[in-house]
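> Dropping in start-v2.cif, which is mmCIF, C-alpha atoms:
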data_entry
#
loop_
_atom_site.label_atom_id
_atom_site.label_comp_id
_atom_site.auth_asym_id
_atom_site.auth_seq_id
_atom_site.Cartn_x
_atom_site.Cartn_y
_atom_site.Cartn_z
CA MET A 726 -5.82 18.81 -4.68
CA ILE A 727 -3.36 15.97 -5.24
CA MET A 728 -2.43 15.94 -1.55
CA SER A 729 -6.04 15.62 -0.42
CA ASP A 730 -6.86 12.88 -2.96
CA LEU A 731 -3.70 10.93 -2.15
CA LEU A 732 -4.26 10.96 1.61
CA LYS A 733 -7.90 9.90 1.28
CA THR A 734 -7.03 7.13 -1.17
CA ILE A 735 -4.11 5.84 0.93
CA PHE A 736 -6.34 5.69 4.01
CA SER A 737 -9.15 3.92 2.10
CA VAL A 738 -6.91 1.35 0.42
CA LEU A 739 -4.97 0.64 3.63
CA THR A 740 -8.21 0.23 5.59
CA VAL A 741 -9.60 -2.29 3.09
CA LEU A 742 -6.38 -4.35 3.06
CA VAL A 743 -6.07 -4.33 6.85
CA VAL A 744 -9.71 -5.32 7.38
CA ILE A 745 -9.36 -8.27 4.98
CA ILE A 746 -6.20 -9.62 6.62
CA VAL A 747 -7.22 -8.93 10.23
CA SER A 748 -10.58 -10.63 9.62
CA ARG A 749 -8.69 -13.83 8.82
CA ASN A 750 -6.54 -13.40 11.92
CA PHE A 751 -9.64 -12.71 14.01
CA ILE A 752 -10.99 -16.16 13.15
CA LYS A 753 -7.74 -17.75 14.37
CA ILE A 754 -7.84 -15.67 17.57
CA LEU A 755 -11.44 -16.72 18.22
CA LYS A 756 -10.47 -20.37 17.73
CA MET A 757 -7.73 -19.97 20.35
CA ALA A 758 -10.31 -18.48 22.73
CA VAL A 759 -12.76 -21.33 22.06
CA ASP A 760 -9.98 -23.86 22.71
CA GLY A 761 -9.29 -22.13 26.02
CA LEU A 762 -5.75 -21.05 25.10
CA ILE A 763 -6.54 -17.35 25.64
CA SER A 764 -9.17 -15.51 27.64
CA THR A 765 -11.92 -13.40 26.12
CA GLU A 766 -10.29 -10.31 27.67
CA ALA A 767 -7.12 -10.93 25.65
CA ILE A 768 -8.94 -11.03 22.29
CA VAL A 769 -9.28 -7.25 21.98
CA GLY A 770 -5.63 -6.64 22.92
CA ILE A 771 -4.28 -9.20 20.46
CA LEU A 772 -6.62 -7.98 17.72
CA GLY A 773 -5.49 -4.38 18.21
CA LEU A 774 -1.83 -5.37 17.96
CA LYS A 775 -2.55 -7.44 14.85
CA ILE A 776 -4.11 -4.34 13.27
CA VAL A 777 -0.88 -2.43 13.95
CA LEU A 778 1.23 -5.19 12.37
CA ALA A 779 -1.05 -5.44 9.34
CA SER A 780 -0.95 -1.65 8.88
CA VAL A 781 2.85 -1.71 8.76
CA THR A 782 2.89 -4.65 6.33
CA PHE A 783 0.41 -3.13 3.87
CA MET A 784 1.52 0.49 4.03
CA VAL A 785 3.81 0.00 1.01
CA PRO A 786 1.26 -1.51 -1.43
CA ALA A 787 -1.41 0.93 -0.21
CA VAL A 788 0.74 3.95 -1.08
CA PHE A 789 1.79 2.46 -4.43
CA VAL A 790 -1.76 1.64 -5.52
CA SER A 791 -3.07 4.99 -4.26
CA VAL A 792 -0.59 7.00 -6.33
CA LEU A 793 -1.50 4.97 -9.40
CA MET A 794 -5.22 5.47 -8.84
CA VAL A 795 -5.02 9.23 -8.24
CA LEU A 796 -2.67 9.96 -11.14
CA GLY A 797 -4.57 7.54 -13.38
CA ARG A 798 -7.78 9.43 -12.69
CA MET A 799 -6.01 12.70 -13.56
CA TYR A 800 -4.89 11.23 -16.88
CA ARG A 801 -8.40 9.97 -17.59
CA ASP A 802 -9.94 13.38 -16.85
CA GLN A 803 -7.21 15.03 -18.99
CA GLU A 804 -6.01 17.08 -16.02
CA MET A 805 -2.48 16.04 -16.91
CA SER A 806 -2.87 17.50 -20.38
CA ALA A 807 -3.98 20.79 -18.84
CA LEU A 808 -1.02 20.80 -16.46
CA SER A 809 1.41 20.06 -19.29
CA SER A 810 -0.06 22.94 -21.32
CA ALA A 811 0.55 25.22 -18.34
CA GLY A 812 4.24 24.21 -18.30
CA ALA A 813 4.12 21.71 -15.44
CA GLY A 814 6.41 18.83 -16.38
CA VAL A 815 7.34 15.55 -14.76
CA GLY A 816 9.53 17.31 -12.20
CA ARG A 817 6.66 19.45 -10.95
CA LEU A 818 4.46 16.35 -10.75
CA TYR A 819 7.05 14.54 -8.62
CA ILE A 820 7.29 17.55 -6.29
CA SER A 821 3.51 17.61 -5.82
CA VAL A 822 3.36 13.89 -5.11
CA PHE A 823 6.31 13.86 -2.71
CA LYS A 824 4.90 16.74 -0.66
CA THR A 825 2.31 14.20 0.45
CA ILE A 826 4.45 11.07 0.41
CA ILE A 827 7.42 12.33 2.48
CA PRO A 828 5.32 12.68 5.70
CA VAL A 829 3.87 9.23 4.97
CA VAL A 830 7.43 7.88 4.67
CA PHE A 831 8.32 9.28 8.10
CA VAL A 832 5.23 7.65 9.61
CA ALA A 833 6.06 4.34 7.89
CA THR A 834 9.64 4.54 9.20
CA TRP A 835 8.48 5.05 12.78
CA MET A 836 5.92 2.26 12.49
CA SER A 837 8.37 -0.17 10.89
CA LEU A 838 11.35 0.51 13.18
CA TYR A 839 9.61 1.00 16.52
CA LEU A 840 5.87 0.33 16.55
CA ALA A 841 5.87 -3.03 14.73
CA PRO A 842 8.59 -4.63 16.96
CA TRP A 843 6.73 -3.41 20.05
CA ALA A 844 3.47 -4.88 18.77
CA ALA A 845 5.08 -8.22 17.81
CA ALA A 846 6.76 -8.55 21.22
CA ASN A 847 3.50 -7.76 23.03
CA VAL A 848 1.51 -10.30 21.00
CA GLU A 849 4.02 -12.97 21.98
CA ARG A 850 3.95 -11.85 25.63
CA ILE A 851 0.15 -11.86 25.85
CA ILE A 852 -0.17 -15.31 24.27
CA HIS A 853 2.57 -16.67 26.55
CA GLU A 854 0.87 -15.27 29.66
CA GLU A 855 -2.51 -16.56 28.53
CA LYS A 856 -1.08 -20.06 28.03
CA GLN A 857 0.36 -19.86 31.54
CA ASN A 858 -3.09 -19.08 32.90
CA VAL A 859 -4.88 -21.73 30.87
CA GLY A 860 -5.21 -24.06 33.88
CA VAL A 861 -6.45 -21.32 36.17
CA ARG A 862 -9.14 -20.34 33.66
CA ALA A 863 -10.42 -23.92 33.88
CA ILE A 864 -11.49 -23.27 37.49
CA ALA A 865 -15.27 -22.96 37.51
CA GLU A 866 -17.65 -22.34 40.38
CA GLY A 867 -19.54 -25.25 41.86
CA LYS A 868 -17.29 -28.05 40.57
CA PHE A 869 -13.86 -29.62 41.13
CA SER A 870 -11.09 -28.53 38.75
CA GLU A 871 -7.61 -29.97 38.28
CA TYR A 872 -4.44 -27.99 37.68
CA ASN A 873 -0.74 -28.85 37.35
CA LYS A 874 -1.31 -32.46 36.22
CA GLY A 875 -3.68 -33.24 39.07
CA ASN A 876 -1.36 -32.06 41.85
CA LEU A 877 -3.78 -29.21 42.58
CA ILE A 878 -7.50 -29.80 42.91
CA PHE A 879 -9.74 -26.76 43.36
CA TYR A 880 -13.31 -26.37 44.47
CA VAL A 881 -14.82 -22.89 44.36
CA GLU A 882 -18.30 -22.14 45.59
CA LYS A 883 -18.61 -18.82 43.74
CA ILE A 884 -16.58 -16.57 41.43
CA SER A 885 -17.54 -12.89 41.50
CA ALA A 886 -17.46 -10.48 38.54
CA ASP A 887 -13.99 -9.21 39.56
CA ASN A 888 -12.60 -12.81 39.32
CA VAL A 889 -12.34 -13.24 43.09
CA MET A 890 -13.06 -16.81 44.22
CA HIS A 891 -15.19 -17.32 47.35
CA ASP A 892 -15.35 -20.30 49.73
CA VAL A 893 -12.33 -22.08 48.31
CA PHE A 894 -11.15 -25.65 48.95
CA VAL A 895 -7.79 -26.84 47.61
CA GLN A 896 -6.01 -30.16 47.81
CA ASN A 897 -2.30 -29.69 47.12
CA LYS A 898 0.17 -32.53 46.57
CA ARG A 899 3.89 -31.82 46.75
CA GLY A 900 6.01 -34.92 46.41
CA ASP A 901 4.75 -37.42 48.99
CA GLU A 902 3.05 -34.80 51.16
CA MET A 903 -0.60 -33.89 50.91
CA GLY A 904 -2.07 -30.56 52.00
CA VAL A 905 -5.53 -29.10 52.27
CA ILE A 906 -6.33 -25.39 52.20
CA THR A 907 -9.67 -23.74 52.90
CA ALA A 908 -10.15 -20.00 52.58
CA GLU A 909 -12.87 -17.38 52.45
CA ARG A 910 -11.47 -15.87 49.26
CA ALA A 911 -8.72 -16.40 46.71
CA GLU A 912 -7.41 -14.53 43.67
CA VAL A 913 -4.71 -14.98 41.04
CA ARG A 914 -1.83 -12.47 41.11
CA THR A 915 1.43 -11.97 39.25
CA ILE A 916 4.27 -11.56 41.77
CA ASN A 917 7.90 -11.10 40.63
CA ASN A 918 6.99 -12.30 37.11
CA GLY A 919 5.51 -15.48 38.59
CA LEU A 920 1.90 -16.63 38.74
CA TYR A 921 0.50 -17.11 42.25
CA ILE A 922 -2.89 -17.87 43.75
CA VAL A 923 -3.33 -15.91 46.97
CA PHE A 924 -5.70 -17.31 49.63
CA ILE A 925 -7.25 -14.85 52.09
CA ASN A 926 -8.50 -15.65 55.61
CA GLY A 927 -8.20 -19.40 55.74
CA GLU A 928 -6.66 -22.54 57.26
CA ARG A 929 -3.99 -24.92 56.05
CA VAL A 930 -3.41 -28.57 56.99
CA GLN A 931 -0.25 -30.37 55.87
CA GLY A 932 0.37 -34.10 56.35
CA ASN A 933 -0.46 -37.60 55.17
CA ALA A 934 -3.33 -39.78 56.33
CA GLY A 935 -2.23 -42.17 59.10
CA ASP A 936 0.70 -40.02 60.22
CA VAL A 937 0.80 -38.21 63.53
CA ASP A 938 2.92 -35.40 62.15
CA PHE A 939 0.46 -32.75 60.94
CA ILE A 940 0.80 -29.02 60.50
CA PHE A 941 -2.24 -26.86 61.35
CA GLU A 942 -2.16 -23.14 60.75
CA THR A 943 -4.42 -20.19 60.08
CA PHE A 944 -3.47 -17.27 57.88
CA ALA A 945 -4.60 -13.88 56.67
CA GLU A 946 -2.88 -14.40 53.31
CA TYR A 947 -1.17 -17.44 51.87
CA ALA A 948 0.40 -17.44 48.37
CA MET A 949 0.92 -20.60 46.34
CA HIS A 950 3.08 -20.57 43.23
CA LEU A 951 1.48 -22.04 40.14
CA GLU A 952 4.01 -23.82 37.96
CA SER A 953 3.80 -23.27 34.22
CA SER A 954 4.51 -25.80 31.49
CA THR A 955 4.86 -23.18 28.74
CA GLY A 956 8.55 -22.54 29.35
CA ILE A 957 10.45 -19.28 29.18
CA LEU A 958 9.15 -16.44 27.04
CA VAL A 959 11.34 -16.21 23.94
CA ASN A 960 11.08 -12.96 22.06
CA PRO A 961 10.70 -13.61 18.29
CA VAL A 962 13.11 -11.90 15.92
CA GLU A 963 10.22 -9.67 14.79
CA GLY A 964 9.92 -8.39 18.37
CA ILE A 965 13.59 -7.52 18.92
CA ALA A 966 14.15 -3.78 19.32
CA THR A 967 15.70 -2.08 16.30
CA LEU A 968 18.53 -0.62 18.38
CA ASP A 969 19.52 -4.16 19.38
CA LEU A 970 19.48 -5.30 15.76
CA LEU A 971 21.93 -2.54 14.83
CA GLU A 972 24.61 -4.28 16.93
CA THR A 973 24.01 -7.84 15.70
CA GLN A 974 26.06 -9.94 13.32
CA ASP A 975 23.51 -12.74 13.04
CA LEU A 976 22.31 -13.07 9.44
CA LYS A 977 18.69 -13.76 10.41
CA GLU A 978 18.57 -10.68 12.62
CA LEU A 979 20.28 -8.59 9.94
CA SER A 980 17.64 -9.78 7.50
CA GLU A 981 14.94 -8.58 9.91
CA LEU A 982 16.69 -5.21 10.25
CA TYR A 983 16.83 -4.76 6.48
CA HIS A 984 13.19 -5.82 6.23
CA ARG A 985 12.25 -2.97 8.55
CA LEU A 986 14.38 -0.48 6.64
CA SER A 987 12.84 -1.63 3.38
CA ALA A 988 9.40 -0.21 4.25
CA PRO A 989 10.27 3.51 3.80
CA LEU A 990 12.74 2.79 0.98
CA SER A 991 10.19 0.69 -0.89
CA ILE A 992 7.62 3.48 -0.64
CA LEU A 993 10.06 5.98 -2.16
CA VAL A 994 11.13 3.63 -4.96
CA LEU A 995 7.61 2.50 -5.85
CA VAL A 996 6.23 6.05 -5.83
CA ILE A 997 8.99 7.14 -8.25
CA MET A 998 8.02 4.15 -10.37
CA ALA A 999 4.28 4.89 -10.09
CA VAL A 1000 4.44 8.35 -11.69
CA PRO A 1001 5.44 7.18 -15.21
CA LEU A 1002 3.52 3.93 -14.76
CA ALA A 1003 0.27 5.81 -14.11
CA GLN A 1004 0.18 7.31 -17.61
CA VAL A 1005 -2.90 6.02 -19.42
CA SER A 1006 -4.96 7.24 -22.34
CA PRO A 1007 -8.32 8.86 -21.52
CA ARG A 1008 -10.13 5.82 -22.95
CA SER A 1009 -8.32 3.34 -20.73
CA GLY A 1010 -10.03 4.45 -17.53
CA VAL A 1011 -8.63 5.07 -14.07
CA TYR A 1012 -7.64 1.42 -13.61
CA GLY A 1013 -5.82 1.13 -16.92
CA ASN A 1014 -2.40 0.17 -15.53
CA LEU A 1015 -3.40 -1.41 -12.21
CA ALA A 1016 -3.00 -4.98 -13.52
CA ALA A 1017 0.58 -4.23 -14.58
CA ALA A 1018 1.14 -2.40 -11.29
CA PHE A 1019 0.08 -5.43 -9.23
CA LEU A 1020 2.39 -7.65 -11.26
CA ILE A 1021 5.27 -5.20 -10.70
CA TYR A 1022 4.61 -4.94 -6.98
CA PHE A 1023 4.35 -8.69 -6.40
CA SER A 1024 7.53 -9.23 -8.43
CA PHE A 1025 9.27 -6.53 -6.38
CA ALA A 1026 8.08 -7.98 -3.05
CA ASN A 1027 8.92 -11.58 -4.00
CA PHE A 1028 12.39 -10.64 -5.23
CA GLU A 1029 12.92 -8.81 -1.94
CA LYS A 1030 11.99 -11.97 0.00
CA VAL A 1031 14.19 -14.18 -2.18
CA SER A 1032 17.17 -11.83 -1.69
CA SER A 1033 16.55 -11.86 2.05
CA ASN A 1034 16.47 -15.68 2.15
CA TRP A 1035 19.67 -15.90 0.13
CA MET A 1036 21.31 -13.44 2.51
CA GLU A 1037 20.21 -15.48 5.56
CA LYS A 1038 21.71 -18.63 4.04
CA GLY A 1039 24.95 -16.81 3.21
CA GLU A 1040 24.59 -17.43 -0.53
CA ILE A 1041 25.01 -13.72 -1.32
CA SER A 1042 26.68 -10.87 0.52
CA VAL A 1043 24.74 -8.75 3.01
CA TRP A 1044 24.91 -5.54 0.99
CA LEU A 1045 23.76 -7.31 -2.19
CA GLY A 1046 20.89 -8.97 -0.35
CA PHE A 1047 19.61 -5.55 0.63
CA TRP A 1048 20.39 -3.39 -2.41
CA ALA A 1049 19.85 -5.82 -5.31
CA VAL A 1050 16.10 -5.26 -5.53
CA TYR A 1051 16.54 -1.48 -5.46
CA MET A 1052 19.18 -1.55 -8.18
CA LEU A 1053 16.82 -3.60 -10.35
CA ALA A 1054 13.98 -1.18 -9.55
CA ALA A 1055 16.16 1.81 -10.49
CA PHE A 1056 16.88 0.24 -13.87
CA PHE A 1057 13.16 -0.33 -14.42
CA ILE A 1058 12.36 3.28 -13.43
CA VAL A 1059 14.78 4.54 -16.09
CA ILE A 1060 12.97 2.40 -18.69
CA LEU A 1061 9.59 3.81 -17.62
CA LEU A 1062 10.83 7.42 -17.72
CA VAL A 1063 12.30 6.92 -21.18
CA ARG A 1064 9.01 5.36 -22.30
CA LEU A 1065 7.08 8.36 -20.92
CA ASN A 1066 9.30 11.25 -22.02
CA GLY A 1067 11.63 9.87 -24.65
CA PHE A 1068 15.36 9.15 -24.74
CA ILE A 1069 16.31 12.73 -25.66
CA TRP A 1070 14.56 14.07 -22.55
CA MET A 1071 16.46 11.57 -20.42
CA LEU A 1072 19.82 12.65 -21.88
CA MET A 1073 19.00 16.30 -21.28
CA GLN A 1074 18.11 15.57 -17.65
CA LEU A 1075 21.39 13.71 -17.15
CA ARG A 1076 23.25 16.75 -18.56
CA GLY A 1077 21.47 19.00 -16.12
CA LYS A 1078 19.35 20.87 -18.70
CA SER A 1079 15.68 21.59 -18.37
CA VAL A 1080 13.22 20.62 -21.02
#
Give the structure from this file in structure tokens form.

Amino acid sequence: MIMSDLLKTIFSVLTVLVVIIVSRNFIKILKMAVDGLISTEAIVGILGLKIVLASVTFMVPAVFVSVLMVLGRMYRDQEMSALSSAGAGVGRLYISVFKTIIPVVFVATWMSLYLAPWAAANVERIIHEEKQNVGVRAIAEGKFSEYNKGNLIFYVEKISADNVMHDVFVQNKRGDEMGVITAERAEVRTINNGLYIVFINGERVQGNAGDVDFIFETFAEYAMHLESSTGILVNPVEGIATLDLLETQDLKELSELYHRLSAPLSILVLVIMAVPLAQVSPRSGVYGNLAAAFLIYFSFANFEKVSSNWMEKGEISVWLGFWAVYMLAAFFIVILLVRLNGFIWMLMQLRGKSV
């Protein structure tokens, strides 16, 4: 019963959070497409990767809120009173909750350590490639189009549905030399990580007006490299593979590594905290402690970010930057358990005795 309710609630809460955040990102992606920075074909790919990143980011609060909602409903419906009368204590409740949460923790670990870096790296790669192709996308049928600061001038009679250009005219300026290319067809290809436009079945003339030195040639295929002004693709720290971060000594990269490790650890800590926090009286309703829960979560997340920033700046040690928030959370969990069960119960648990 608890397992089914928890899984459904986690999925529902996570879906709502992801839709809200991705909707905002979708507007930014559409603006990039309208500005011509990315193609319409890239929108779906970037949006899908953004959904993956948002899912990883909001997995922790989704699990925390879901546990509070499910257990809060059980308190409201007095199911907890029935379970206590049957001899099921706090320990049995934790076991029931963690039977569902442990698989979720494994999924969150995989997503945080492997899936999220892959998605971040691919978003950066797609945007970089799209910016490289921004000039080529400006080529339109039936009109002259400039590329590479006016050194390439294209005229295309027709562009078919498969992006093949037909009846192509190109004026190409390299240094002081001028060249003209005409071809039946042309298409853009990526060759050896470089962007090329390949002309098929055409003629090439190289030389300057007034000179007697001209080059005339016909070709079946002729490839021209398109220079890019976007520079070299630099992988962001969020896109670095986790295995590479394990070998680093850079504080910023260590901070990113600890951020990824914090996802499964935060789920475990917040779920332990959620069990005593979910206790409400039947009159309080299912959302009785959600306001306090949101305050606790945002305090937890902000303190985690502050510790990470201090660690990056070298103001605190690396181990303290990672563990400080969890030590504070452990202290708060003890307070909540004492509030729920009493100080005597806590002493008996520490001595290894059952209630």
> Could you list the residues chosen by the PyMOL selection byres ((chain A and resi 940) around 8) in this structure as a list in words?
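Applied to this file, the PyMOL selection byres ((chain A and resi 940) around 8) selects Arg929, Val930, Gln931, Gly932, Asp938, Phe939, Phe941 and Glu942 of chain A.
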> So that I have them on file, write out the residues from the current selection with C-alpha atoms, as a PDB file, keeping the file's coordinate frame.

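part-v4.pdb, written as the output of this step:
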ATOM      1  CA  ARG A 929      -3.990 -24.920  56.050  1.00  0.00           C
ATOM      2  CA  VAL A 930      -3.410 -28.570  56.990  1.00  0.00           C
ATOM      3  CA  GLN A 931      -0.250 -30.370  55.870  1.00  0.00           C
ATOM      4  CA  GLY A 932       0.370 -34.100  56.350  1.00  0.00           C
ATOM      5  CA  ASP A 938       2.920 -35.400  62.150  1.00  0.00           C
ATOM      6  CA  PHE A 939       0.460 -32.750  60.940  1.00  0.00           C
ATOM      7  CA  PHE A 941      -2.240 -26.860  61.350  1.00  0.00           C
ATOM      8  CA  GLU A 942      -2.160 -23.140  60.750  1.00  0.00           C
TER       9      GLU A 942
END
> In terms of the shortest atom-to-atom distance over all atoms listed in the file, which of A:Val795, A:Ala846, A:Met949, A:Ile1041 is closest to Gly904 of chain A?
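Closest candidate: A:Met949.
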> To one decimal place in Å, what is the distance between atom CA of Phe789 of chain A and atom CA of Ala999 of chain A?
6.6 Å
> Residues picked by the PyMOL selection byres ((chain A and resi 892) around 12) here, as a list in words?
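Checking the PyMOL selection byres ((chain A and resi 892) around 12) against this file, the residues are Glu866, Gly867, Phe879, Tyr880, Val881, Glu882, Lys883, Ile884, Ser885, Val889, Met890, His891, Val893, Phe894, Val895, Ile906, Thr907, Ala908, Glu909, Arg910, Ala911, Glu912, Phe924, Ile925, Asn926, Gly927 and Glu928 of chain A.
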> Expand the PyMOL selection byres ((chain A and resi 1036) around 12) into the individual residues it matches in the shown file, reporting them as a VMD selection string.
chain A and resid 975 to 981 983 to 984 1029 to 1035 1037 to 1049
> Which residues are close to Val777 of chain A, i.e. within 12 Å by only C-alpha atoms, leaving aside same-chain residues fewer than 2 positions away? Reply as a CSV table (one decimal) with C-alpha atoms, in the frame of the given file.

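Dumped to result-v3.csv:
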chain,number,residue,atom,x,y,z
A,739,LEU,CA,-5.0,0.6,3.6
A,740,THR,CA,-8.2,0.2,5.6
A,743,VAL,CA,-6.1,-4.3,6.8
A,744,VAL,CA,-9.7,-5.3,7.4
A,746,ILE,CA,-6.2,-9.6,6.6
A,747,VAL,CA,-7.2,-8.9,10.2
A,770,GLY,CA,-5.6,-6.6,22.9
A,771,ILE,CA,-4.3,-9.2,20.5
A,772,LEU,CA,-6.6,-8.0,17.7
A,773,GLY,CA,-5.5,-4.4,18.2
A,774,LEU,CA,-1.8,-5.4,18.0
A,775,LYS,CA,-2.6,-7.4,14.8
A,779,ALA,CA,-1.0,-5.4,9.3
A,780,SER,CA,-1.0,-1.6,8.9
A,781,VAL,CA,2.8,-1.7,8.8
A,782,THR,CA,2.9,-4.6,6.3
A,783,PHE,CA,0.4,-3.1,3.9
A,784,MET,CA,1.5,0.5,4.0
A,833,ALA,CA,6.1,4.3,7.9
A,836,MET,CA,5.9,2.3,12.5
A,837,SER,CA,8.4,-0.2,10.9
A,839,TYR,CA,9.6,1.0,16.5
A,840,LEU,CA,5.9,0.3,16.6
A,841,ALA,CA,5.9,-3.0,14.7
A,842,PRO,CA,8.6,-4.6,17.0
A,843,TRP,CA,6.7,-3.4,20.0
A,844,ALA,CA,3.5,-4.9,18.8
A,845,ALA,CA,5.1,-8.2,17.8
A,847,ASN,CA,3.5,-7.8,23.0
A,848,VAL,CA,1.5,-10.3,21.0
> Smallest atom-to-atom distance to Ile1058 of chain A: which of A:Val832, A:Asn1027, A:Ile997, A:Ile820, using only C-alpha atoms?
A:Ile997
> Quick one: residues within 9 Å of Leu993 of chain A, all atoms listed in the file, excluding same-chain residues fewer than 4 positions away - as a list in words?
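After dropping sequence-adjacent residues, the list is Phe823, Ile826, Ile827, Val830, Ala988, Pro989, Ile997 and Met998 of chain A.
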> Name the closest residue to Tyr800 of chain A among the candidates A:Val1059, A:Tyr921, A:Phe1025, A:Leu1002; distances are taken between atoms, counting only C-alpha atoms.
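For Tyr800 of chain A, the nearest of the candidates is A:Leu1002.
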> So the first atom is atom CA of Phe1019 of chain A and the second is atom CA of Val788 of chain A; what is the distance between them in Å, to one decimal place?
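Separating atom CA of Phe1019 of chain A from atom CA of Val788 of chain A is a distance of 12.4 Å.
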> Find the distance between atom CA of Ala1016 of chain A and atom CA of Leu778 of chain A and write it in Å to one decimal.
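One can read the atom CA of Ala1016 of chain A to atom CA of Leu778 of chain A distance as 26.2 Å.
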> Determine the nearest neighbour of Ile851 of chain A from the options A:Val785, A:Ile878, A:Ala767, A:Leu1053, counting all atoms listed in the file.
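Looking at the shortest contact to Ile851 of chain A, the residue is A:Ala767.
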> For Ala787 of chain A, which residue among A:Ile992, A:Ala1026, A:Ile752, A:Ala1017 is the nearest when counting all atoms listed in the file?
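Smallest distance to Ala787 of chain A is found for A:Ile992.
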> Go through A:Ser748, A:Ser821, A:Ser1024, A:Ser791 one by one, measure the shortest atom-to-atom distance of each to Leu732 of chain A using only C-alpha atoms, and give the residue with the smallest value.
A:Ser791
> Could you give me, as number ranges by chain, the residues within 7 Å of Ile763 of chain A, counting only C-alpha atoms and dropping anything in the same chain fewer than 3 positions from it?
A: 757-758, 767, 852, 855-856
> Could you work out an axis-aligned box for segment 876-881 of chain A, taking every atom the file lists and adding 3 Å on each side, and report centre and edge lengths in Å to one decimal, as JSON?

{"center_x": -8.1, "center_y": -27.5, "center_z": 43.2, "size_x": 19.5, "size_y": 15.2, "size_z": 8.6}
